[in-house]
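Structure file model_1.txt (compact mmCIF, C-alpha atoms) follows.
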# COMPACT_ATOMS: atom_id res chain seq x y z
CA LYS A 238 -9.22 102.88 -51.58
CA ASP A 239 -12.97 102.14 -51.87
CA ALA A 240 -12.48 98.59 -50.58
CA GLU A 241 -10.55 99.89 -47.58
CA SER A 242 -13.31 102.40 -46.77
CA ILE A 243 -15.93 99.66 -46.94
CA CYS A 244 -13.88 97.45 -44.61
CA ASP A 245 -13.21 100.33 -42.20
CA THR A 246 -16.96 100.89 -41.94
CA LEU A 247 -17.58 97.18 -41.32
CA LEU A 248 -14.84 97.07 -38.69
CA ALA A 249 -16.53 100.03 -36.98
CA GLY A 250 -19.66 97.89 -36.67
CA SER A 251 -21.86 99.34 -39.41
CA PRO A 252 -23.38 97.61 -42.44
CA VAL A 253 -22.57 98.86 -45.95
CA VAL A 254 -24.60 98.79 -49.17
CA VAL A 255 -22.37 98.70 -52.23
CA ASN A 256 -23.60 99.59 -55.71
CA PHE A 257 -21.25 98.37 -58.44
CA CYS A 258 -23.31 99.84 -61.28
CA GLY A 259 -20.86 101.43 -63.70
CA VAL A 260 -17.79 99.84 -62.08
CA GLU A 261 -15.57 97.90 -64.48
CA ARG A 262 -15.53 94.14 -64.02
CA ASN A 263 -11.86 93.90 -62.94
CA ASP A 264 -12.28 96.72 -60.40
CA ARG A 265 -15.48 95.15 -59.08
CA GLN A 266 -13.75 91.78 -58.65
CA SER A 267 -10.81 93.35 -56.79
CA ILE A 268 -13.14 95.19 -54.42
CA MET A 269 -15.25 92.05 -53.85
CA ASP A 270 -12.14 89.96 -53.12
CA PHE A 271 -10.88 92.46 -50.56
CA VAL A 272 -14.26 93.00 -48.88
CA CYS A 273 -15.10 89.29 -48.81
CA GLY A 274 -11.79 88.68 -47.03
CA CYS A 275 -12.81 91.28 -44.46
CA ILE A 276 -16.28 89.74 -44.08
CA TYR A 277 -14.75 86.32 -43.56
CA SER A 278 -12.28 87.57 -40.97
CA ILE A 279 -14.95 89.32 -38.88
CA ASP A 280 -17.52 86.53 -39.34
CA GLY A 281 -19.82 88.96 -41.13
CA ASN A 282 -22.48 88.49 -43.78
CA MET A 283 -23.09 89.35 -47.40
CA GLU A 284 -26.45 89.50 -49.13
CA ILE A 285 -27.00 90.01 -52.84
CA ILE A 286 -29.52 92.75 -53.58
CA LYS A 287 -29.03 92.67 -57.34
CA LYS A 288 -26.71 90.09 -58.88
CA GLU A 289 -23.30 91.53 -59.80
CA GLU A 290 -24.48 95.10 -59.05
CA MET A 291 -25.68 95.63 -55.47
CA TYR A 292 -24.67 93.94 -52.23
CA ILE A 293 -25.13 94.56 -48.54
CA PHE A 294 -22.28 93.64 -46.22
CA SER A 295 -22.75 93.50 -42.47
CA PRO A 296 -20.50 92.77 -39.52
CA THR A 297 -21.27 89.99 -37.07
CA GLY A 298 -24.08 90.87 -34.69
CA ILE A 299 -26.05 92.87 -37.27
CA GLU A 300 -29.18 91.02 -38.34
CA LEU A 301 -30.61 91.81 -41.76
CA ILE A 302 -34.40 91.64 -41.71
CA GLY A 303 -36.61 91.53 -44.77
CA ASP A 304 -36.72 89.87 -48.12
CA VAL A 305 -34.13 90.39 -50.80
CA ILE A 306 -35.81 91.44 -54.02
CA PRO A 307 -35.10 88.78 -56.68
CA ASP A 308 -32.67 90.14 -59.28
CA GLY A 309 -33.24 93.65 -57.92
CA ASP A 310 -36.36 94.27 -60.00
CA ASN A 311 -38.64 97.06 -58.80
CA ILE A 312 -36.38 98.27 -56.01
CA PRO A 313 -38.20 101.12 -54.23
CA THR A 314 -36.46 104.47 -54.44
CA PHE A 315 -36.78 107.74 -52.56
CA GLU A 316 -38.80 109.05 -55.49
CA ASP A 317 -41.34 106.28 -54.77
CA GLY A 318 -41.86 107.65 -51.27
CA TYR A 319 -39.50 105.29 -49.43
Same coordinates, now as structure tokens:
Amino acid sequence: KDAESICDTLLAGSPVVVNFCGVERNDRQSIMDFVCGCIYSIDGNMEIIKKEEMYIFSPTGIELIGDVIPDGDNIPTFEDGY
């Protein structure tokens, strides 16, 4: 159900940030397989924010600007004023 919601959002033209922290490995792989199929079919993009934990998926026509933080260290949070 989560994978379908992610794909529905992508198909509607919006990017999605996915946090897999706390998701079991098999569930994470199933979601990634489904979403990567969607990304491929709509010629979208995937960027790794933090390896195996956080990704940003975007449909075609959405440009991601900025640097990806290596390994997700020191990611700013709302508590940091961002």
- Please check which residues have atoms at most 12 Å from (-9.5, 94.7, -56.7) in the file's coordinates, counting all atoms listed in the file, and write them as a ChimeraX atom specification. /A:238-241,260-274
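When atom CA of A:Glu284 is paired with atom CA of A:Val254, their separation reads 9.5 Å.
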- May I ask for the distance between atom CA of A:Asp280 and atom CA of A:Asn256, given in Å to one decimal place?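 Between atom CA of A:Asp280 and atom CA of A:Asn256 the gap is 21.8 Å.
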- Grab the atom CA of A:Gly250 to atom CA of A:Asn282 distance for me, in Å with one decimal place.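 Distance between the two atoms: 12.1 Å.
Compared by their closest atoms to A:Cys244, and using all atoms listed in the file, the residues A:Ile302, A:Ser295, A:Glu290, A:Phe257 rank with A:Ser295 nearest.
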- Message: Here's a test: counting all atoms listed in the file, identify every protein, DNA and RNA residue with an atom at most 12 Å from (-22.0, 94.5, -43.4) in the file's coordinate frame, and state them as a PyMOL selection string.
- Response: chain A and resi 243-255+272-273+275-277+279-285+292-301
